[in-house]
Amino acid sequence: MNPPPSLSTAPPAPELRGDLAMWLLIGIEMLTFGLMFVVFAVARARQPAVFVEGQAVLHLGAGALNTAVLLVGSWAVARGVHALRAGHTRGGVAGLAGGALCGLFFLGSKALEYAGLPGGEQDLSENPFFLLYFMLTGFHVMHVLAALLMLATLAWLARDGRWSRGDAHAPETVAAFWHMVDLMWIVLFPLVYVLR
């Protein structure tokens, strides 16, 4: 008869990667985005013609490209954190820098998109679509900028190998924030650009 397995052979409990304070911030940010999404949906239900007209002005291809760029950025960040945990400084730096570059591309693309929109030619208080469009996407842009700066800083600091010894706490924390930013765009893109 075999003895019962000891507690020491039990698989390790799942661990929340990153800092708890960041996860609380992520929860608050997701609630804020969620409330803004609900406001957008309610306003669209009240004035569907205004929203259809506003959506027709948006460039669906730019929104789809931005979605792809953010997804590539998330992949790069995940690969970078994985590389740092495995002790591969060069791969970690490349992944974090790649995520930052994707964020930079996204910001440039949004700036071009904003410049081509008619929002400045009308009173936003009279057009709920463009008011909410600029609020939602502007709020998201601020988060992309924050994530980009954090990723670029970590990529710069990671060059000396500080997170290449299995402890990637700071990169995991920033990666969690980046993935939240990406997730919010994945919800925002169909809500604002696609759904009629």
# chains A, B, ... in the order shown; residues from 1 in each chain; ligands from 1

$ closest_atom_pairs --of "region 99-164 of chain A" --to "region 50-55 of chain A" --cutoff "9 Å" --atoms "only C-alpha atoms" --output "tab-separated table"
residue	atom	partner	partner_atom	distance
A:Asn127	CA	A:Val50	CA	7.4
A:Pro128	CA	A:Val50	CA	7.7
A:Phe129	CA	A:Phe51	CA	5.3
A:Phe130	CA	A:Gly54	CA	6.8

$ write_last_selection --atoms "C-alpha atoms" --output "PDB file, in the first residue's frame"
ATOM      1  CA  ASN A 127     -23.058  65.245 -31.969  1.00  0.00           C
ATOM      2  CA  PRO A 128     -23.109  62.486 -29.352  1.00  0.00           C
ATOM      3  CA  PHE A 129     -21.324  60.037 -31.643  1.00  0.00           C
ATOM      4  CA  PHE A 130     -18.192  62.140 -32.080  1.00  0.00           C
TER       5      PHE A 130
END

$ residues_around --residues "Trp23 (chain A)" --least-positions-apart "3" --cutoff "9 Å" --atoms "only C-alpha atoms" --output "ChimeraX atom specification"
/A:18-20,26-28,173,176-177

$ write_last_selection --atoms "C-alpha atoms" --output "mmCIF file, in the first residue's frame"
data_model
loop_
_atom_site.group_PDB
_atom_site.id
_atom_site.type_symbol
_atom_site.label_atom_id
_atom_site.label_comp_id
_atom_site.auth_asym_id
_atom_site.auth_seq_id
_atom_site.Cartn_x
_atom_site.Cartn_y
_atom_site.Cartn_z
ATOM 1 C CA GLY A 18 2.594 41.140 -11.372
ATOM 2 C CA ASP A 19 1.853 43.567 -8.592
ATOM 3 C CA LEU A 20 -1.454 43.496 -6.690
ATOM 4 C CA ILE A 26 -6.579 47.378 -13.925
ATOM 5 C CA GLY A 27 -9.890 46.471 -12.276
ATOM 6 C CA ILE A 28 -10.764 50.145 -11.789
ATOM 7 C CA THR A 173 3.261 43.951 -13.875
ATOM 8 C CA ALA A 176 -0.615 42.966 -17.308
ATOM 9 C CA PHE A 177 -1.357 46.664 -17.879
#

$ residues_around --residues "Trp156 (chain A)" --least-positions-apart "6" --cutoff "12 Å" --atoms "only C-alpha atoms" --output "NGL selection string"
:A and (89-90 or 92-97 or 100 or 149-150 or 162-163 or 171)

$ closest_residue --among "A:Arg44, A:Tyr193, A:Met135, A:Val38" --to "Gly61 (chain A)" --atoms "only C-alpha atoms"
A:Tyr193

$ select_by_dssp --residues "region 8-190 of chain A" --states "helix (DSSP H, G or I)" --output "VMD selection string"
chain A and resid 8 to 9 20 to 46 48 to 57 60 to 85 89 to 115 118 to 121 124 to 126 128 to 158 169 to 190

$ closest_residue --among "A:Gly34, A:Gly87, A:Gly108, A:Gly116" --to "Leu183 (chain A)" --atoms "only C-alpha atoms"
A:Gly34

$ atom_distance --atom1 "CA of Arg159 (chain A)" --atom2 "CA of Met142 (chain A)"
26.5 Å

$ atom_distance --atom1 "CA of Gly63 (chain A)" --atom2 "CA of Ala76 (chain A)"
19.9 Å

$ atom_distance --atom1 "CA of Ala43 (chain A)" --atom2 "CA of Ala147 (chain A)"
29.5 Å

$ closest_residue --among "A:Val57, A:Met184, A:Met22, A:Ala68" --to "Phe106 (chain A)" --atoms "only C-alpha atoms"
A:Ala68

$ closest_residue --among "A:Ala115, A:Met36, A:Leu25, A:Leu104" --to "Leu70 (chain A)" --atoms "only C-alpha atoms"
A:Leu104

$ residues_around --residues "Leu148 (chain A)" --least-positions-apart "4" --cutoff "8 Å" --atoms "only C-alpha atoms" --output "PDB file with all heavy atoms, in the first residue's frame"
ATOM      1  N   GLY A  99       6.857  45.710 -28.141  1.00  0.00           N
ATOM      2  CA  GLY A  99       5.553  46.170 -27.656  1.00  0.00           C
ATOM      3  C   GLY A  99       5.468  47.685 -27.642  1.00  0.00           C
ATOM      4  O   GLY A  99       4.461  48.276 -28.042  1.00  0.00           O
ATOM      5  N   ALA A 100       6.549  48.339 -27.194  1.00  0.00           N
ATOM      6  CA  ALA A 100       6.583  49.803 -27.167  1.00  0.00           C
ATOM      7  C   ALA A 100       6.476  50.372 -28.583  1.00  0.00           C
ATOM      8  O   ALA A 100       5.769  51.362 -28.820  1.00  0.00           O
ATOM      9  CB  ALA A 100       7.855  50.294 -26.478  1.00  0.00           C
ATOM     10  N   LEU A 101       7.166  49.753 -29.544  1.00  0.00           N
ATOM     11  CA  LEU A 101       7.085  50.219 -30.937  1.00  0.00           C
ATOM     12  C   LEU A 101       5.679  50.061 -31.497  1.00  0.00           C
ATOM     13  O   LEU A 101       5.196  50.925 -32.244  1.00  0.00           O
ATOM     14  CB  LEU A 101       8.101  49.478 -31.803  1.00  0.00           C
ATOM     15  CG  LEU A 101       9.556  49.883 -31.608  1.00  0.00           C
ATOM     16  CD1 LEU A 101      10.476  48.966 -32.407  1.00  0.00           C
ATOM     17  CD2 LEU A 101       9.773  51.343 -31.983  1.00  0.00           C
ATOM     18  N   GLY A 103       2.988  50.219 -29.718  1.00  0.00           N
ATOM     19  CA  GLY A 103       2.239  51.316 -29.099  1.00  0.00           C
ATOM     20  C   GLY A 103       2.493  52.630 -29.803  1.00  0.00           C
ATOM     21  O   GLY A 103       1.577  53.425 -30.033  1.00  0.00           O
ATOM     22  N   LEU A 104       3.739  52.874 -30.184  1.00  0.00           N
ATOM     23  CA  LEU A 104       4.088  54.104 -30.904  1.00  0.00           C
ATOM     24  C   LEU A 104       3.394  54.147 -32.264  1.00  0.00           C
ATOM     25  O   LEU A 104       2.858  55.186 -32.675  1.00  0.00           O
ATOM     26  CB  LEU A 104       5.601  54.192 -31.057  1.00  0.00           C
ATOM     27  CG  LEU A 104       6.158  55.492 -31.607  1.00  0.00           C
ATOM     28  CD1 LEU A 104       5.825  56.658 -30.692  1.00  0.00           C
ATOM     29  CD2 LEU A 104       7.678  55.366 -31.766  1.00  0.00           C
ATOM     30  N   VAL A 144      -2.579  53.794 -23.816  1.00  0.00           N
ATOM     31  CA  VAL A 144      -1.522  53.285 -24.697  1.00  0.00           C
ATOM     32  C   VAL A 144      -0.228  54.056 -24.458  1.00  0.00           C
ATOM     33  O   VAL A 144       0.854  53.462 -24.373  1.00  0.00           O
ATOM     34  CB  VAL A 144      -1.937  53.362 -26.186  1.00  0.00           C
ATOM     35  CG1 VAL A 144      -0.771  53.023 -27.099  1.00  0.00           C
ATOM     36  CG2 VAL A 144      -3.117  52.443 -26.465  1.00  0.00           C
ATOM     37  N   ALA A 152       8.936  50.976 -22.707  1.00  0.00           N
ATOM     38  CA  ALA A 152      10.215  51.521 -23.174  1.00  0.00           C
ATOM     39  C   ALA A 152      11.199  51.647 -22.012  1.00  0.00           C
ATOM     40  O   ALA A 152      12.388  51.323 -22.150  1.00  0.00           O
ATOM     41  CB  ALA A 152       9.997  52.870 -23.844  1.00  0.00           C
TER      42      ALA A 152
END

$ closest_residue --among "A:Leu107, A:Asp182, A:Leu24, A:Leu136" --to "Ala41 (chain A)" --atoms "only C-alpha atoms"
A:Leu136

$ closest_residue --among "A:His143, A:Gly91, A:Arg165, A:Val39" --to "Ala78 (chain A)" --atoms "only C-alpha atoms"
A:Gly91

$ residues_around --residues "Phe37 (chain A)" --least-positions-apart "6" --cutoff "12 Å" --atoms "only C-alpha atoms" --output "PDB file with N, CA and C atoms, in the first residue's frame"
ATOM      1  N   MET A  30     -10.905  48.910 -15.974  1.00  0.00           N
ATOM      2  CA  MET A  30     -11.868  48.112 -16.736  1.00  0.00           C
ATOM      3  C   MET A  30     -13.297  48.518 -16.388  1.00  0.00           C
ATOM      4  N   LEU A  31     -13.557  48.826 -15.127  1.00  0.00           N
ATOM      5  CA  LEU A  31     -14.879  49.322 -14.744  1.00  0.00           C
ATOM      6  C   LEU A  31     -15.175  50.657 -15.425  1.00  0.00           C
ATOM      7  N   ALA A  43     -26.504  55.668 -25.745  1.00  0.00           N
ATOM      8  CA  ALA A  43     -26.630  56.828 -26.637  1.00  0.00           C
ATOM      9  C   ALA A  43     -26.916  56.376 -28.065  1.00  0.00           C
ATOM     10  N   ARG A  44     -26.275  55.299 -28.500  1.00  0.00           N
ATOM     11  CA  ARG A  44     -26.522  54.776 -29.846  1.00  0.00           C
ATOM     12  C   ARG A  44     -27.955  54.283 -29.980  1.00  0.00           C
ATOM     13  N   LEU A 132     -18.614  60.975 -27.880  1.00  0.00           N
ATOM     14  CA  LEU A 132     -18.265  59.713 -27.228  1.00  0.00           C
ATOM     15  C   LEU A 132     -17.089  59.015 -27.922  1.00  0.00           C
ATOM     16  N   TYR A 133     -17.008  59.158 -29.243  1.00  0.00           N
ATOM     17  CA  TYR A 133     -15.870  58.577 -29.972  1.00  0.00           C
ATOM     18  C   TYR A 133     -14.561  59.159 -29.453  1.00  0.00           C
ATOM     19  N   MET A 135     -14.041  60.759 -26.641  1.00  0.00           N
ATOM     20  CA  MET A 135     -13.840  60.424 -25.226  1.00  0.00           C
ATOM     21  C   MET A 135     -13.286  59.012 -25.068  1.00  0.00           C
ATOM     22  N   LEU A 136     -13.922  58.044 -25.727  1.00  0.00           N
ATOM     23  CA  LEU A 136     -13.489  56.650 -25.605  1.00  0.00           C
ATOM     24  C   LEU A 136     -12.088  56.430 -26.167  1.00  0.00           C
ATOM     25  N   THR A 137     -11.896  56.861 -27.398  1.00  0.00           N
ATOM     26  CA  THR A 137     -10.596  56.604 -28.022  1.00  0.00           C
ATOM     27  C   THR A 137      -9.500  57.459 -27.391  1.00  0.00           C
ATOM     28  N   PHE A 139      -9.376  58.386 -24.210  1.00  0.00           N
ATOM     29  CA  PHE A 139      -9.064  57.728 -22.948  1.00  0.00           C
ATOM     30  C   PHE A 139      -8.170  56.517 -23.204  1.00  0.00           C
ATOM     31  N   HIS A 140      -8.481  55.794 -24.269  1.00  0.00           N
ATOM     32  CA  HIS A 140      -7.659  54.632 -24.615  1.00  0.00           C
ATOM     33  C   HIS A 140      -6.257  55.066 -25.049  1.00  0.00           C
ATOM     34  N   MET A 184      -9.132  46.271 -23.928  1.00  0.00           N
ATOM     35  CA  MET A 184     -10.125  47.347 -24.044  1.00  0.00           C
ATOM     36  C   MET A 184     -10.297  47.771 -25.502  1.00  0.00           C
ATOM     37  N   TRP A 185      -9.212  47.769 -26.280  1.00  0.00           N
ATOM     38  CA  TRP A 185      -9.344  48.105 -27.700  1.00  0.00           C
ATOM     39  C   TRP A 185     -10.122  47.020 -28.443  1.00  0.00           C
ATOM     40  N   VAL A 187     -12.553  45.365 -27.397  1.00  0.00           N
ATOM     41  CA  VAL A 187     -13.976  45.635 -27.168  1.00  0.00           C
ATOM     42  C   VAL A 187     -14.379  46.934 -27.860  1.00  0.00           C
ATOM     43  N   LEU A 188     -13.530  47.947 -27.755  1.00  0.00           N
ATOM     44  CA  LEU A 188     -13.843  49.271 -28.303  1.00  0.00           C
ATOM     45  C   LEU A 188     -13.966  49.246 -29.824  1.00  0.00           C
ATOM     46  N   PHE A 189     -13.084  48.531 -30.490  1.00  0.00           N
ATOM     47  CA  PHE A 189     -13.082  48.531 -31.955  1.00  0.00           C
ATOM     48  C   PHE A 189     -14.421  48.065 -32.543  1.00  0.00           C
ATOM     49  N   PRO A 190     -14.936  46.896 -32.189  1.00  0.00           N
ATOM     50  CA  PRO A 190     -16.229  46.518 -32.790  1.00  0.00           C
ATOM     51  C   PRO A 190     -17.377  47.416 -32.326  1.00  0.00           C
ATOM     52  N   LEU A 191     -17.335  47.845 -31.061  1.00  0.00           N
ATOM     53  CA  LEU A 191     -18.415  48.681 -30.538  1.00  0.00           C
ATOM     54  C   LEU A 191     -18.521  49.996 -31.303  1.00  0.00           C
ATOM     55  N   VAL A 192     -17.392  50.630 -31.552  1.00  0.00           N
ATOM     56  CA  VAL A 192     -17.392  51.953 -32.165  1.00  0.00           C
ATOM     57  C   VAL A 192     -17.339  51.895 -33.689  1.00  0.00           C
TER      58      VAL A 192
END
